[in-house]
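A.B. asks: My structure is in work_21.pdb, and what it holds is PDB, C-alpha atoms and all ligand atoms:
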```
ATOM      1  CA  MET A   1     118.532  86.900 242.422
ATOM      2  CA  PRO A   2     119.989  84.203 244.708
ATOM      3  CA  GLY A   3     120.787  80.854 243.122
ATOM      4  CA  LEU A   4     122.423  77.529 243.924
ATOM      5  CA  ILE A   5     124.528  76.284 241.027
ATOM      6  CA  GLY A   6     126.748  73.233 240.806
ATOM      7  CA  CYS A   7     127.050  69.757 242.298
ATOM      8  CA  VAL A   8     125.105  70.457 245.511
ATOM      9  CA  ALA A   9     122.215  71.838 243.421
ATOM     10  CA  GLU A  10     122.254  68.619 241.391
ATOM     11  CA  ALA A  11     122.186  66.521 244.573
ATOM     12  CA  TYR A  12     119.296  68.405 246.221
ATOM     13  CA  LYS A  13     117.238  69.271 243.088
ATOM     14  CA  GLU A  14     113.767  70.730 244.009
ATOM     15  CA  ARG A  15     114.396  70.000 247.713
ATOM     16  CA  ALA A  16     116.838  72.928 247.624
ATOM     17  CA  PHE A  17     113.856  75.334 247.317
ATOM     18  CA  LYS A  18     112.314  73.806 250.449
ATOM     19  CA  ARG A  19     115.534  74.078 252.426
ATOM     20  CA  ALA A  20     116.262  77.599 251.189
ATOM     21  CA  PRO A  21     112.983  79.250 250.090
ATOM     22  CA  TYR A  22     114.789  82.486 249.182
ATOM     23  CA  LEU A  23     116.491  80.758 246.202
ATOM     24  CA  ASP A  24     115.317  81.764 242.714
ATOM     25  CA  ILE A  25     117.547  79.372 240.769
ATOM     26  CA  VAL A  26     118.702  75.777 241.306
ATOM     27  CA  CYS A  27     120.911  74.530 238.501
ATOM     28  CA  GLY A  28     123.124  71.445 238.162
ATOM     29  CA  PRO A  29     126.518  71.631 236.465
ATOM     30  CA  ASN A  30     125.341  69.926 233.263
ATOM     31  CA  ASP A  31     122.360  72.283 232.842
ATOM     32  CA  LEU A  32     124.147  75.619 232.770
ATOM     33  CA  TYR A  33     123.349  76.136 229.099
ATOM     34  CA  ARG A  34     119.596  75.847 229.893
ATOM     35  CA  LEU A  35     119.974  78.424 232.630
ATOM     36  CA  VAL A  36     121.617  80.863 230.236
ATOM     37  CA  GLU A  37     118.803  80.321 227.717
ATOM     38  CA  ASN A  38     116.063  80.942 230.311
ATOM     39  CA  LEU A  39     117.385  83.807 232.404
ATOM     40  CA  GLY A  40     115.061  86.164 230.512
ATOM     41  CA  SER A  41     111.968  84.335 231.788
ATOM     42  CA  LEU A  42     113.181  84.700 235.356
ATOM     43  CA  ALA A  43     113.529  88.446 234.909
ATOM     44  CA  GLN A  44     110.100  88.776 233.231
ATOM     45  CA  ASN A  45     107.907  86.215 235.011
ATOM     46  CA  LYS A  46     109.636  86.057 238.390
ATOM     47  CA  GLU A  47     109.360  82.239 238.197
ATOM     48  CA  LYS A  48     111.743  80.060 240.087
ATOM     49  CA  LEU A  49     114.028  78.100 237.765
ATOM     50  CA  LEU A  50     114.994  74.468 238.344
ATOM     51  CA  PHE A  51     117.418  72.880 235.890
ATOM     52  CA  THR A  52     118.879  69.550 236.910
ATOM     53  CA  GLY A  53     119.164  66.010 235.629
ATOM     54  CA  ALA A  54     120.966  66.561 232.307
ATOM     55  CA  GLN A  55     123.697  64.139 231.356
ATOM     56  CA  ALA A  56     126.974  65.808 230.434
ATOM     57  CA  ARG A  57     127.423  65.954 226.662
ATOM     58  CA  VAL A  58     131.072  66.691 226.765
ATOM     59  CA  ASN A  59     131.490  67.038 223.010
ATOM     60  CA  GLU A  60     128.439  69.161 222.402
ATOM     61  CA  PHE A  61     127.120  71.903 224.583
ATOM     62  CA  TYR A  62     130.383  72.927 226.206
ATOM     63  CA  ARG A  63     131.799  73.779 222.832
ATOM     64  CA  GLY A  64     132.316  77.492 222.647
ATOM     65  CA  ALA A  65     130.247  78.130 225.777
ATOM     66  CA  TRP A  66     133.039  79.037 228.130
ATOM     67  CA  PHE A  67     134.681  82.158 226.891
ATOM     68  CA  SER A  68     133.986  85.816 226.791
ATOM     69  CA  ASP A  69     134.175  87.610 223.478
ATOM     70  CA  GLU A  70     135.870  90.494 225.242
ATOM     71  CA  THR A  71     139.039  88.606 226.148
ATOM     72  CA  LYS A  72     141.648  86.566 224.326
ATOM     73  CA  HIS A  73     141.124  83.691 226.740
ATOM     74  CA  ALA A  74     138.996  80.559 226.327
ATOM     75  CA  TYR A  75     138.284  77.500 228.484
ATOM     76  CA  VAL A  76     138.269  74.142 226.730
ATOM     77  CA  ILE A  77     136.796  71.160 228.539
ATOM     78  CA  ILE A  78     138.839  68.020 227.945
ATOM     79  CA  ILE A  79     137.364  65.589 230.475
ATOM     80  CA  GLU A  80     134.130  65.413 232.450
ATOM     81  CA  GLY A  81     133.267  63.474 235.592
ATOM     82  CA  CYS A  82     135.589  61.823 238.076
ATOM     83  CA  ASN A  83     136.517  58.281 239.135
ATOM     84  CA  ASN A  84     138.369  59.175 242.285
ATOM     85  CA  PHE A  85     135.578  59.094 244.852
ATOM     86  CA  CYS A  86     137.253  61.254 247.457
ATOM     87  CA  SER A  87     135.096  60.431 250.470
ATOM     88  CA  TYR A  88     133.899  64.026 251.042
ATOM     89  CA  CYS A  89     133.009  64.857 247.419
ATOM     90  CA  ILE A  90     129.752  64.454 245.491
ATOM     91  CA  VAL A  91     131.204  65.118 242.029
ATOM     92  CA  PRO A  92     131.412  61.436 240.959
ATOM     93  CA  PHE A  93     127.757  60.955 241.998
ATOM     94  CA  VAL A  94     126.345  63.994 240.215
ATOM     95  CA  ARG A  95     128.713  64.338 237.261
ATOM     96  CA  GLY A  96     129.278  60.652 236.657
ATOM     97  CA  ARG A  97     132.404  58.715 235.711
ATOM     98  CA  GLU A  98     135.283  60.124 233.702
ATOM     99  CA  ARG A  99     134.676  60.772 230.016
ATOM    100  CA  SER A 100     137.585  62.125 227.988
ATOM    101  CA  ARG A 101     136.894  63.977 224.754
ATOM    102  CA  PRO A 102     138.588  62.625 221.630
ATOM    103  CA  TYR A 103     141.830  64.558 221.342
ATOM    104  CA  LYS A 104     141.219  65.490 217.704
ATOM    105  CA  ASP A 105     138.006  67.302 218.753
ATOM    106  CA  ILE A 106     139.973  69.269 221.333
ATOM    107  CA  LEU A 107     142.646  70.252 218.807
ATOM    108  CA  ASP A 108     139.946  71.262 216.289
ATOM    109  CA  GLU A 109     138.146  73.350 218.901
ATOM    110  CA  VAL A 110     141.338  75.193 219.821
ATOM    111  CA  LYS A 111     141.985  75.952 216.137
ATOM    112  CA  VAL A 112     138.440  77.269 215.672
ATOM    113  CA  LEU A 113     138.863  79.478 218.749
ATOM    114  CA  ILE A 114     142.172  80.795 217.391
ATOM    115  CA  ASP A 115     140.395  81.702 214.148
ATOM    116  CA  GLY A 116     137.886  83.571 216.320
ATOM    117  CA  GLY A 117     140.657  85.647 217.921
ATOM    118  CA  LYS A 118     141.559  83.644 221.053
ATOM    119  CA  ASN A 119     145.175  82.955 221.983
ATOM    120  CA  GLU A 120     145.110  81.917 225.673
ATOM    121  CA  PHE A 121     143.578  78.619 226.702
ATOM    122  CA  THR A 122     142.799  76.766 229.898
ATOM    123  CA  LEU A 123     142.172  73.026 229.579
ATOM    124  CA  LEU A 124     139.506  72.080 232.111
ATOM    125  CA  GLY A 125     138.419  68.961 233.952
ATOM    126  CA  GLN A 126     137.810  67.667 237.460
ATOM    127  CA  ASN A 127     141.061  65.739 237.102
ATOM    128  CA  VAL A 128     142.887  66.690 233.907
ATOM    129  CA  ASN A 129     145.807  64.360 234.637
ATOM    130  CA  SER A 130     143.645  61.303 234.146
ATOM    131  CA  TYR A 131     142.715  62.413 230.606
ATOM    132  CA  ARG A 132     142.961  59.426 228.278
ATOM    133  CA  ALA A 133     141.556  59.180 224.755
ATOM    134  CA  GLN A 134     144.097  57.350 222.607
ATOM    135  CA  ILE A 135     146.685  59.694 224.083
ATOM    136  CA  GLY A 136     147.283  60.765 227.696
ATOM    137  CA  PHE A 137     147.309  64.245 229.223
ATOM    138  CA  ILE A 138     151.025  64.945 228.747
ATOM    139  CA  GLU A 139     150.791  64.152 225.039
ATOM    140  CA  LEU A 140     147.654  66.284 224.757
ATOM    141  CA  LEU A 141     149.443  69.224 226.398
ATOM    142  CA  ASP A 142     152.303  68.732 223.976
ATOM    143  CA  LYS A 143     149.992  68.738 220.942
ATOM    144  CA  VAL A 144     147.923  71.759 222.048
ATOM    145  CA  SER A 145     151.029  73.766 222.958
ATOM    146  CA  LYS A 146     152.396  73.228 219.435
ATOM    147  CA  ILE A 147     149.331  74.638 217.656
ATOM    148  CA  GLU A 148     150.254  77.887 215.942
ATOM    149  CA  GLY A 149     148.539  80.761 217.726
ATOM    150  CA  VAL A 150     148.497  79.223 221.222
ATOM    151  CA  GLU A 151     150.364  81.879 223.158
ATOM    152  CA  LYS A 152     149.473  80.766 226.655
ATOM    153  CA  LEU A 153     148.240  77.392 227.892
ATOM    154  CA  SER A 154     147.184  76.384 231.394
ATOM    155  CA  PHE A 155     145.103  73.599 232.938
ATOM    156  CA  LEU A 156     142.873  72.901 235.930
ATOM    157  CA  THR A 157     142.639  70.804 238.141
ATOM    158  CA  SER A 158     145.411  68.297 238.815
ATOM    159  CA  HIS A 159     145.269  65.405 241.268
ATOM    160  CA  PRO A 160     148.501  64.546 243.134
ATOM    161  CA  LYS A 161     147.836  60.840 242.591
ATOM    162  CA  ASP A 162     148.201  61.338 238.810
ATOM    163  CA  ALA A 163     150.734  64.196 238.640
ATOM    164  CA  SER A 164     154.248  63.206 237.614
ATOM    165  CA  ARG A 165     157.693  64.453 236.719
ATOM    166  CA  GLY A 166     156.774  63.946 233.056
ATOM    167  CA  LEU A 167     154.079  66.596 233.482
ATOM    168  CA  PHE A 168     156.509  69.036 235.103
ATOM    169  CA  GLU A 169     159.069  68.395 232.356
ATOM    170  CA  ILE A 170     156.691  69.295 229.541
ATOM    171  CA  MET A 171     155.675  72.411 231.478
ATOM    172  CA  ALA A 172     159.337  73.386 231.737
ATOM    173  CA  GLN A 173     160.066  72.640 228.064
ATOM    174  CA  ARG A 174     157.265  74.698 226.494
ATOM    175  CA  ASP A 175     157.508  78.461 226.826
ATOM    176  CA  ASN A 176     153.781  78.866 226.229
ATOM    177  CA  ILE A 177     152.706  76.526 229.062
ATOM    178  CA  ASP A 178     151.918  78.518 232.180
ATOM    179  CA  LYS A 179     154.292  77.781 235.068
ATOM    180  CA  ARG A 180     151.510  77.674 237.628
ATOM    181  CA  LEU A 181     150.198  74.462 239.101
ATOM    182  CA  HIS A 182     147.166  73.973 241.318
ATOM    183  CA  LEU A 183     147.741  70.749 243.250
ATOM    184  CA  PRO A 184     145.296  70.245 246.147
ATOM    185  CA  PHE A 185     146.836  68.395 249.122
ATOM    186  CA  GLN A 186     143.773  68.605 251.437
ATOM    187  CA  SER A 187     145.476  67.145 254.530
ATOM    188  CA  GLY A 188     149.000  66.424 255.750
ATOM    189  CA  SER A 189     147.932  63.481 257.891
ATOM    190  CA  ASP A 190     148.329  60.078 256.229
ATOM    191  CA  ARG A 191     145.491  58.752 258.390
ATOM    192  CA  ILE A 192     143.111  61.504 257.239
ATOM    193  CA  LEU A 193     144.287  61.198 253.611
ATOM    194  CA  LYS A 194     143.323  57.525 253.770
ATOM    195  CA  LEU A 195     139.901  58.396 255.215
ATOM    196  CA  MET A 196     139.528  60.948 252.427
ATOM    197  CA  ASN A 197     140.462  58.231 249.878
ATOM    198  CA  ARG A 198     142.968  60.555 248.237
ATOM    199  CA  GLY A 199     145.397  57.879 247.068
ATOM    200  CA  TYR A 200     148.705  59.492 248.184
ATOM    201  CA  THR A 201     150.661  60.171 251.345
ATOM    202  CA  LYS A 202     152.135  63.329 252.816
ATOM    203  CA  GLY A 203     155.615  62.142 251.754
ATOM    204  CA  ARG A 204     154.539  61.567 248.150
ATOM    205  CA  TYR A 205     152.887  64.992 248.009
ATOM    206  CA  LEU A 206     155.948  66.798 249.381
ATOM    207  CA  GLN A 207     158.161  64.971 246.870
ATOM    208  CA  LEU A 208     155.872  66.112 244.018
ATOM    209  CA  ALA A 209     155.901  69.715 245.267
ATOM    210  CA  CYS A 210     159.693  69.620 245.474
ATOM    211  CA  ASP A 211     160.060  68.080 241.975
ATOM    212  CA  TYR A 212     157.650  70.611 240.504
ATOM    213  CA  LYS A 213     159.528  73.598 241.907
ATOM    214  CA  ARG A 214     162.942  72.214 240.961
ATOM    215  CA  ILE A 215     161.941  71.343 237.395
ATOM    216  CA  THR A 216     159.727  74.307 236.468
ATOM    217  CA  GLY A 217     160.637  77.014 239.013
ATOM    218  CA  GLY A 218     156.927  77.842 238.855
ATOM    219  CA  ALA A 219     154.231  78.889 241.307
ATOM    220  CA  LEU A 220     152.297  76.335 243.319
ATOM    221  CA  SER A 221     148.807  76.657 244.790
ATOM    222  CA  THR A 222     146.700  74.215 246.760
ATOM    223  CA  ASP A 223     143.445  73.418 248.579
ATOM    224  CA  VAL A 224     143.303  72.385 252.238
ATOM    225  CA  ILE A 225     140.426  71.097 254.362
ATOM    226  CA  VAL A 226     140.500  71.488 258.149
ATOM    227  CA  GLY A 227     138.160  69.745 260.573
ATOM    228  CA  PHE A 228     137.598  66.578 258.546
ATOM    229  CA  PRO A 229     135.804  63.973 260.737
ATOM    230  CA  THR A 230     138.098  62.583 263.485
ATOM    231  CA  GLU A 231     140.879  65.103 262.716
ATOM    232  CA  THR A 232     142.972  65.420 265.891
ATOM    233  CA  GLU A 233     145.404  68.138 266.897
ATOM    234  CA  ASN A 234     148.257  65.905 265.726
ATOM    235  CA  ASP A 235     146.596  65.422 262.318
ATOM    236  CA  PHE A 236     146.221  69.184 262.089
ATOM    237  CA  LEU A 237     149.906  69.704 262.955
ATOM    238  CA  GLU A 238     150.815  67.376 260.059
ATOM    239  CA  THR A 239     148.741  69.587 257.742
ATOM    240  CA  LYS A 240     150.441  72.669 259.153
ATOM    241  CA  SER A 241     153.837  71.134 258.430
ATOM    242  CA  VAL A 242     152.936  70.648 254.734
ATOM    243  CA  LEU A 243     151.910  74.289 254.485
ATOM    244  CA  ASP A 244     155.176  75.203 256.148
ATOM    245  CA  GLY A 245     157.346  72.950 253.973
ATOM    246  CA  ALA A 246     155.887  73.007 250.459
ATOM    247  CA  GLY A 247     156.113  76.760 249.828
ATOM    248  CA  PHE A 248     152.697  77.543 248.368
ATOM    249  CA  ASP A 249     152.190  80.850 246.630
ATOM    250  CA  THR A 250     148.461  80.549 247.326
ATOM    251  CA  ALA A 251     146.383  78.195 249.460
ATOM    252  CA  TYR A 252     142.594  77.940 249.530
ATOM    253  CA  ILE A 253     141.729  76.781 253.031
ATOM    254  CA  PHE A 254     138.267  75.366 253.767
ATOM    255  CA  LYS A 255     136.425  74.260 256.902
ATOM    256  CA  TYR A 256     134.976  70.790 256.382
ATOM    257  CA  SER A 257     131.217  70.490 256.001
ATOM    258  CA  PRO A 258     129.477  67.237 255.059
ATOM    259  CA  ARG A 259     128.051  66.787 251.577
ATOM    260  CA  PRO A 260     124.910  64.674 251.161
ATOM    261  CA  HIS A 261     125.298  61.012 250.111
ATOM    262  CA  THR A 262     129.086  60.940 250.585
ATOM    263  CA  PRO A 263     130.937  58.318 252.660
ATOM    264  CA  ALA A 264     132.486  61.081 254.808
ATOM    265  CA  ALA A 265     129.001  62.280 255.775
ATOM    266  CA  GLY A 266     128.574  58.867 257.430
ATOM    267  CA  LEU A 267     131.616  59.525 259.645
ATOM    268  CA  GLY A 268     129.802  62.298 261.511
ATOM    269  CA  ASP A 269     131.025  65.851 261.854
ATOM    270  CA  ASP A 270     132.763  65.598 265.192
ATOM    271  CA  VAL A 271     135.258  68.470 265.090
ATOM    272  CA  PRO A 272     133.522  71.355 266.904
ATOM    273  CA  LYS A 273     132.804  74.480 264.877
ATOM    274  CA  GLU A 274     135.026  76.631 267.130
ATOM    275  CA  GLU A 275     137.913  74.194 266.664
ATOM    276  CA  LYS A 276     137.480  74.248 262.872
ATOM    277  CA  GLU A 277     137.536  78.030 263.012
ATOM    278  CA  ARG A 278     140.691  78.041 265.152
ATOM    279  CA  ARG A 279     142.528  75.671 262.763
ATOM    280  CA  HIS A 280     141.266  77.605 259.751
ATOM    281  CA  LYS A 281     142.533  80.898 261.166
ATOM    282  CA  ILE A 282     145.947  79.456 262.090
ATOM    283  CA  LEU A 283     146.461  78.231 258.510
ATOM    284  CA  LEU A 284     145.130  81.434 256.967
ATOM    285  CA  ASP A 285     147.491  83.583 259.058
ATOM    286  CA  MET A 286     150.375  81.277 258.268
ATOM    287  CA  GLN A 287     149.660  81.265 254.528
ATOM    288  CA  LYS A 288     149.368  85.064 254.447
ATOM    289  CA  LYS A 289     152.982  85.336 255.644
ATOM    290  CA  ILE A 290     154.165  82.628 253.224
ATOM    291  CA  SER A 291     152.402  84.310 250.273
ATOM    292  CA  ILE A 292     154.022  87.649 251.115
ATOM    293  CA  LYS A 293     157.434  85.947 251.281
ATOM    294  CA  TYR A 294     156.934  84.397 247.818
ATOM    295  CA  LYS A 295     155.683  87.668 246.320
ATOM    296  CA  ILE A 296     158.748  89.494 247.636
ATOM    297  CA  ARG A 297     161.043  86.779 246.262
ATOM    298  CA  ASN A 298     159.406  86.897 242.829
TER     299      ASN A 298
HETATM  300  S1  LIG B 301     139.331  64.254 242.522
HETATM  301 FE1  LIG B 301     138.220  66.166 242.889
HETATM  302  S2  LIG B 301     136.293  65.946 241.782
HETATM  303 FE2  LIG B 301     137.161  63.902 241.962
HETATM  304  S3  LIG B 301     136.209  63.008 243.793
HETATM  305 FE3  LIG B 301     138.151  63.951 244.424
HETATM  306  S4  LIG B 301     137.641  66.049 245.054
HETATM  307 FE4  LIG B 301     135.906  65.238 243.863
END
```
Taking this structure as input, can you express it in the form of C-alpha cells?

C.D. replies:
Amino acid sequence: MPGLIGCVAEAYKERAFKRAPYLDIVCGPNDLYRLVENLGSLAQNKEKLLFTGAQARVNEFYRGAWFSDETKHAYVIIIEGCNNFCSYCIVPFVRGRERSRPYKDILDEVKVLIDGGKNEFTLLGQNVNSYRAQIGFIELLDKVSKIEGVEKLSFLTSHPKDASRGLFEIMAQRDNIDKRLHLPFQSGSDRILKLMNRGYTKGRYLQLACDYKRITGGALSTDVIVGFPTETENDFLETKSVLDGAGFDTAYIFKYSPRPHTPAAGLGDDVPKEEKERRHKILLDMQKKISIKYKIRN
C-alpha cells in the first residue's frame, strides 16, 4: 500500500497520483488524523485516498494522537509551522507560520498523559527553540521537567540560530532531561549557509557544538546536505571539516534534491548526480568511523 505522506504530499496534492500512479495514499501533515480514520475504507474498497488542505489545529487533533499505548513514551506537540524559510524547505509554505501552544495546555496534557501511565515525553516542533507563548522554550522545559512523574524528557528539533548556552545549562541541571541534542548544521560553507538562509555561520555552529559538549557532556547528532546548488569542492571541504571537528555521535547525510516552490529550486540543480554521490559517500564513510570512536569512548 504505497503512500506519500508529509509536506511534499501537501505541495503536490492530487497531482502526486499523476506523477506516481502506483500511490494509494497522498496525505498532508495536518490530515494524518483523517488518514487514520479512513484506512479501513482503503482496505475494503481499494479506493485511493487523498487528504490534504487541512489547517493545523495545534491545540486539538494532535492531543493524545502521538503515542502508543504499549509504551511509556508520548510525543507532545508544542509548536507548529516554521518562520525560518530555509531556501530548500517547503515546510513554511505547507505548514504555515509558527504557532506556539499555550504553555498551560502543554502542562495539562503532560499531566493527563502521566495519569494514563506515560512517563517519558518528547516535545515536538519544527523548531522547538523558537517556542514562545508567554514563556520561552527554556522556561517551558524547566516547567515540564518539574512535573511529578516526568522521568525522561527530550525535544526535537532545534535550530542552531536559536540554540543557546541557556538551553544547554538547563539540560545539564535537570537529571530527567535527555542529554542528546539534534542540531542540524546542513553545510560548513558560510557561502552555502547564506544561500540556504540558515542564519548562522560555520564558526557560530562550531562554538555551539563545543559549548553543548562542555556544558552537558551529552551526545550530539546532526543533518547534512551535500550537493546544494553551486556547492564547489571547497564548500564541500568546509562541510567535511565540521564533521571532522564537531564530534557527532550520529549524522544524517542527504543528497540535495529540489523541492517544488522553494527559492533553492530556482537556483538549478547543478551539482552532477555522480558528484553528489561521491560527496555523500565520503561523509558517510567518515561519520561511520567517528560514530564508532564515540561509541567506544562511551
Ligand atoms: S527550520 Fe527546518 S522546518 Fe523550518 S524552514 Fe528550515 S528546514 Fe524547514

A.B. asks: Produce as a PDB file with C-alpha atoms, keeping the file's coordinate frame the set of residues near ligand LIG 301 (chain B), where near means within 12 Å with all atoms listed in the file considered.

C.D. replies:
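Done, and the output landed in part08.pdb:
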```
ATOM      1  CA  CYS A   7     127.050  69.757 242.298  1.00  0.00           C
ATOM      2  CA  ILE A  79     137.364  65.589 230.475  1.00  0.00           C
ATOM      3  CA  GLU A  80     134.130  65.413 232.450  1.00  0.00           C
ATOM      4  CA  GLY A  81     133.267  63.474 235.592  1.00  0.00           C
ATOM      5  CA  CYS A  82     135.589  61.823 238.076  1.00  0.00           C
ATOM      6  CA  ASN A  83     136.517  58.281 239.135  1.00  0.00           C
ATOM      7  CA  ASN A  84     138.369  59.175 242.285  1.00  0.00           C
ATOM      8  CA  PHE A  85     135.578  59.094 244.852  1.00  0.00           C
ATOM      9  CA  CYS A  86     137.253  61.254 247.457  1.00  0.00           C
ATOM     10  CA  SER A  87     135.096  60.431 250.470  1.00  0.00           C
ATOM     11  CA  TYR A  88     133.899  64.026 251.042  1.00  0.00           C
ATOM     12  CA  CYS A  89     133.009  64.857 247.419  1.00  0.00           C
ATOM     13  CA  ILE A  90     129.752  64.454 245.491  1.00  0.00           C
ATOM     14  CA  VAL A  91     131.204  65.118 242.029  1.00  0.00           C
ATOM     15  CA  PRO A  92     131.412  61.436 240.959  1.00  0.00           C
ATOM     16  CA  PHE A  93     127.757  60.955 241.998  1.00  0.00           C
ATOM     17  CA  VAL A  94     126.345  63.994 240.215  1.00  0.00           C
ATOM     18  CA  ARG A  95     128.713  64.338 237.261  1.00  0.00           C
ATOM     19  CA  GLY A  96     129.278  60.652 236.657  1.00  0.00           C
ATOM     20  CA  ARG A  97     132.404  58.715 235.711  1.00  0.00           C
ATOM     21  CA  GLU A  98     135.283  60.124 233.702  1.00  0.00           C
ATOM     22  CA  LEU A 124     139.506  72.080 232.111  1.00  0.00           C
ATOM     23  CA  GLY A 125     138.419  68.961 233.952  1.00  0.00           C
ATOM     24  CA  GLN A 126     137.810  67.667 237.460  1.00  0.00           C
ATOM     25  CA  ASN A 127     141.061  65.739 237.102  1.00  0.00           C
ATOM     26  CA  VAL A 128     142.887  66.690 233.907  1.00  0.00           C
ATOM     27  CA  ASN A 129     145.807  64.360 234.637  1.00  0.00           C
ATOM     28  CA  SER A 130     143.645  61.303 234.146  1.00  0.00           C
ATOM     29  CA  LEU A 156     142.873  72.901 235.930  1.00  0.00           C
ATOM     30  CA  THR A 157     142.639  70.804 238.141  1.00  0.00           C
ATOM     31  CA  SER A 158     145.411  68.297 238.815  1.00  0.00           C
ATOM     32  CA  HIS A 159     145.269  65.405 241.268  1.00  0.00           C
ATOM     33  CA  PRO A 160     148.501  64.546 243.134  1.00  0.00           C
ATOM     34  CA  LYS A 161     147.836  60.840 242.591  1.00  0.00           C
ATOM     35  CA  ASP A 162     148.201  61.338 238.810  1.00  0.00           C
ATOM     36  CA  HIS A 182     147.166  73.973 241.318  1.00  0.00           C
ATOM     37  CA  LEU A 183     147.741  70.749 243.250  1.00  0.00           C
ATOM     38  CA  PRO A 184     145.296  70.245 246.147  1.00  0.00           C
ATOM     39  CA  PHE A 185     146.836  68.395 249.122  1.00  0.00           C
ATOM     40  CA  GLN A 186     143.773  68.605 251.437  1.00  0.00           C
ATOM     41  CA  LEU A 193     144.287  61.198 253.611  1.00  0.00           C
ATOM     42  CA  MET A 196     139.528  60.948 252.427  1.00  0.00           C
ATOM     43  CA  ASN A 197     140.462  58.231 249.878  1.00  0.00           C
ATOM     44  CA  ARG A 198     142.968  60.555 248.237  1.00  0.00           C
ATOM     45  CA  GLY A 199     145.397  57.879 247.068  1.00  0.00           C
ATOM     46  CA  TYR A 200     148.705  59.492 248.184  1.00  0.00           C
ATOM     47  CA  ASP A 223     143.445  73.418 248.579  1.00  0.00           C
ATOM     48  CA  VAL A 224     143.303  72.385 252.238  1.00  0.00           C
ATOM     49  CA  ILE A 225     140.426  71.097 254.362  1.00  0.00           C
ATOM     50  CA  ARG A 259     128.051  66.787 251.577  1.00  0.00           C
ATOM     51  CA  THR A 262     129.086  60.940 250.585  1.00  0.00           C
ATOM     52  CA  PRO A 263     130.937  58.318 252.660  1.00  0.00           C
ATOM     53  CA  ALA A 264     132.486  61.081 254.808  1.00  0.00           C
TER      54      ALA A 264
END
```

A.B. asks: So what does the PyMOL selection byres (((chain A and resi 294) around 12) and not hetatm) actually pick up in this one, as a ChimeraX atom specification?

C.D. replies: /A:218-221,246-250,287-293,295-298

A.B. asks: So that I can check the surroundings of Asp190 in chain A, please list as an mmCIF file with C-alpha atoms, in the frame of the given file every protein, DNA and RNA residue that reaches within 9 Å of it, counting only C-alpha atoms and ignoring chain neighbours fewer than 4 positions away.

C.D. replies:
```cif
data_model
loop_
_atom_site.group_PDB
_atom_site.id
_atom_site.type_symbol
_atom_site.label_atom_id
_atom_site.label_comp_id
_atom_site.auth_asym_id
_atom_site.auth_seq_id
_atom_site.Cartn_x
_atom_site.Cartn_y
_atom_site.Cartn_z
ATOM 1 C CA LYS A 194 143.323 57.525 253.770
ATOM 2 C CA LEU A 195 139.901 58.396 255.215
ATOM 3 C CA TYR A 200 148.705 59.492 248.184
ATOM 4 C CA THR A 201 150.661 60.171 251.345
ATOM 5 C CA LYS A 202 152.135 63.329 252.816
ATOM 6 C CA GLY A 203 155.615 62.142 251.754
ATOM 7 C CA ASP A 235 146.596 65.422 262.318
ATOM 8 C CA GLU A 238 150.815 67.376 260.059
#
```

A.B. asks: Kindly give the distance, in Å, that separates CA of Leu113 in chain A and CA of Gln173 in chain A, rounded to a single decimal.

C.D. replies: 24.1 Å

A.B. asks: Given only C-alpha atoms as the basis, pick out the residue of A:Lys146, A:Arg174, A:His261, A:Arg279 nearest to Val226 in chain A.

C.D. replies: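 Ranking A:Lys146, A:Arg174, A:His261, A:Arg279 by distance to Val226 in chain A, first place goes to A:Arg279.
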
A.B. asks: Starting from the displayed file, determine the output of the PyMOL selection byres (((chain A and resi 233) around 12) and not hetatm) and express the residue list as JSON, numbers by chain.

C.D. replies: {"A": [188, 189, 192, 226, 227, 228, 230, 231, 232, 234, 235, 236, 237, 238, 239, 240, 271, 275, 276, 278, 279]}

A.B. asks: Rounded to one decimal in Å, what is the spacing between CA of Ser100 in chain A and CA of Glu139 in chain A?

C.D. replies: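 One can read the CA of Ser100 in chain A to CA of Glu139 in chain A distance as 13.7 Å.
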
A.B. asks: Using only C-alpha atoms, pick whichever of A:Gly116, A:Pro102, A:Gly217, A:Gly149 has the shortest atom-to-atom distance to Ala133 in chain A.

C.D. replies: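 Checking each of A:Gly116, A:Pro102, A:Gly217, A:Gly149 against Ala133 in chain A, counting only C-alpha atoms, the winner is A:Pro102.
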
A.B. asks: Any chance you could resolve the PyMOL selection byres (((chain A and resi 170) around 10) and not hetatm) against this file and give the residues as an MDAnalysis selection string?

C.D. replies: chainID A and resid 138:139 141:142 145 165:169 171:175 177 215:216
